[in-house]
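One structure below.
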Amino acid sequence: MNTSYARKRNPYRRGRPNGELQGSASVQDARAPRSAAIVRKAVFPVAGLDVGLLPATKAAPKEMLTVVDKPLIHYAVEEAAAAGIREMIFVTNRNKRAIEDHFDMAYELEAKLAQDGQNELQELRRLFPADVRYLYVRQAEYTGLGSALRCARPLVGDEPFALILPDELIDAEEPAIGQLLSTFYAMHQPVIGVQRRKPDEPAFDALRTGASFRERTHHVVRLAREANGGWDGFVAAGRYVLTSSIFEHLDGKPMNGSPEVSLHDALQLLLANEPVLAYEIAGARFSCRTKLGLLGATVHYGLKHPELADAFRELLRQVRAVSPQSAGVASAHA
């Protein structure tokens, strides 16, 4: 779809002179999804090859790399559970069995903890709530988020659902996906979680937005994959609340010669039929698909850990005190 067509069809691109949204009444009523169903399911696409973190991910899933004392995938599931979601759907592959094992019951471990003390056992059970269901579907060949969502479609059905990318770790007072759910329940329209682009993000999914009509909420005008450049607007932050209408566009013709219809290509097509919202997530985001992002998340969460924060802060002070130059001099005199 060319950009000009998307702009013509989006009735929320500009406001009227009096500040009222163009087409905000009749068009919104006609194009908004008919259902205000509760979001009960979250999809976690975890079938990628994880080349950005090699060699750590040569034999271990990226989603199982730990930040302080929990793997990335656990933070993502905790976020969904804290927002009230109780069905977790993982799109995985044959090399990601560790994720299934992590959320499975460990009988031997629980028996050992029951013998040694109830505190550790209670903490383990708190981390894995009994009312949360974990469902898995295999993706034979990873070709992007669009193909991952198609694999999850039989488990999602016709319900609205959350989509969470575990390698985008967001620390927020209100769960990041919960912030999107609040907007979804208020407007009954698909929502993309966004933040302002960070200067060190080399490639990103950029969103051009139109009128802002609620706090931190904007109408999406266009989505595009941006390379290095001066774009300093909103970028996708790895959180989405979508309706089943997205699946109609995932089966379309691939754009730009790509082998698959990407998620953002499908969202761009969806814009021709119904509004898509962008919600600016409040919280600290760490892109853990890079080594530097993973290190940043480790420092951030280490300094917040209730048991380790003070000792970790002292450790960082000691490390800063030993500069590379002084370390080299010490080594030379050893």
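Scheme for the structure tokens: letters A, B, ... for chains in order shown; per-chain residue numbers from 1; ligand numbers from 1 in order shown.
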
Considering only C-alpha atoms, return as a PyMOL selection string whatever protein or nucleic-acid residues lie within 10 Å of Glu173 in chain A, sequence-local ones (same chain, fewer than 4 positions apart) excluded. chain A and resi 179+282-284

Which polymer residues have any atom within 7 Å of an atom of Arg133 in chain A, counting only C-alpha atoms, with same-chain residues fewer than 3 positions away left out, as an mmCIF file with C-alpha atoms, in the first residue's frame?
data_model
loop_
_atom_site.group_PDB
_atom_site.id
_atom_site.type_symbol
_atom_site.label_atom_id
_atom_site.label_comp_id
_atom_site.auth_asym_id
_atom_site.auth_seq_id
_atom_site.Cartn_x
_atom_site.Cartn_y
_atom_site.Cartn_z
ATOM 1 C CA ARG A 86 -4.432 -16.190 32.353
ATOM 2 C CA GLU A 87 -3.710 -18.040 29.077
ATOM 3 C CA MET A 88 -0.125 -17.839 27.828
#

Selection near range 53-65 of chain A, 10 Å with only C-alpha atoms, sequence-local residues under 6 positions removed, as a PyMOL selection string: chain A and resi 46-47+71-76+95-99+102+165-167+288-292+294

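Comparing A:Phe247, A:Phe128, A:Tyr279, A:Tyr301 by their smallest distance to Ser147 in chain A, the closest is A:Phe247 (using only C-alpha atoms).
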
Env of Pro160 in chain A: 7 Å cut, atoms = only C-alpha atoms, seq-sep filter 6 positions within chain, self excluded. Answer as a ChimeraX atom specification. /A:37,39,242-244

Please, could you write that set of residues out with C-alpha atoms as a short mmCIF file (atom, residue, chain, number, x, y, z; two decimals), in the first residue's frame?
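Output file out_35.cif follows:
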data_model
loop_
_atom_site.label_atom_id
_atom_site.label_comp_id
_atom_site.auth_asym_id
_atom_site.auth_seq_id
_atom_site.Cartn_x
_atom_site.Cartn_y
_atom_site.Cartn_z
CA ALA A 37 -14.54 -8.90 24.78
CA VAL A 39 -8.55 -10.15 26.65
CA LEU A 242 -5.00 -6.97 18.58
CA THR A 243 -8.33 -8.33 17.37
CA SER A 244 -8.88 -11.35 15.14
#

Å distance separating CA of Leu149 in chain A from CA of His249 in chain A, one decimal place: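 Answer for the CA of Leu149 in chain A to CA of His249 in chain A separation: 11.3 Å.
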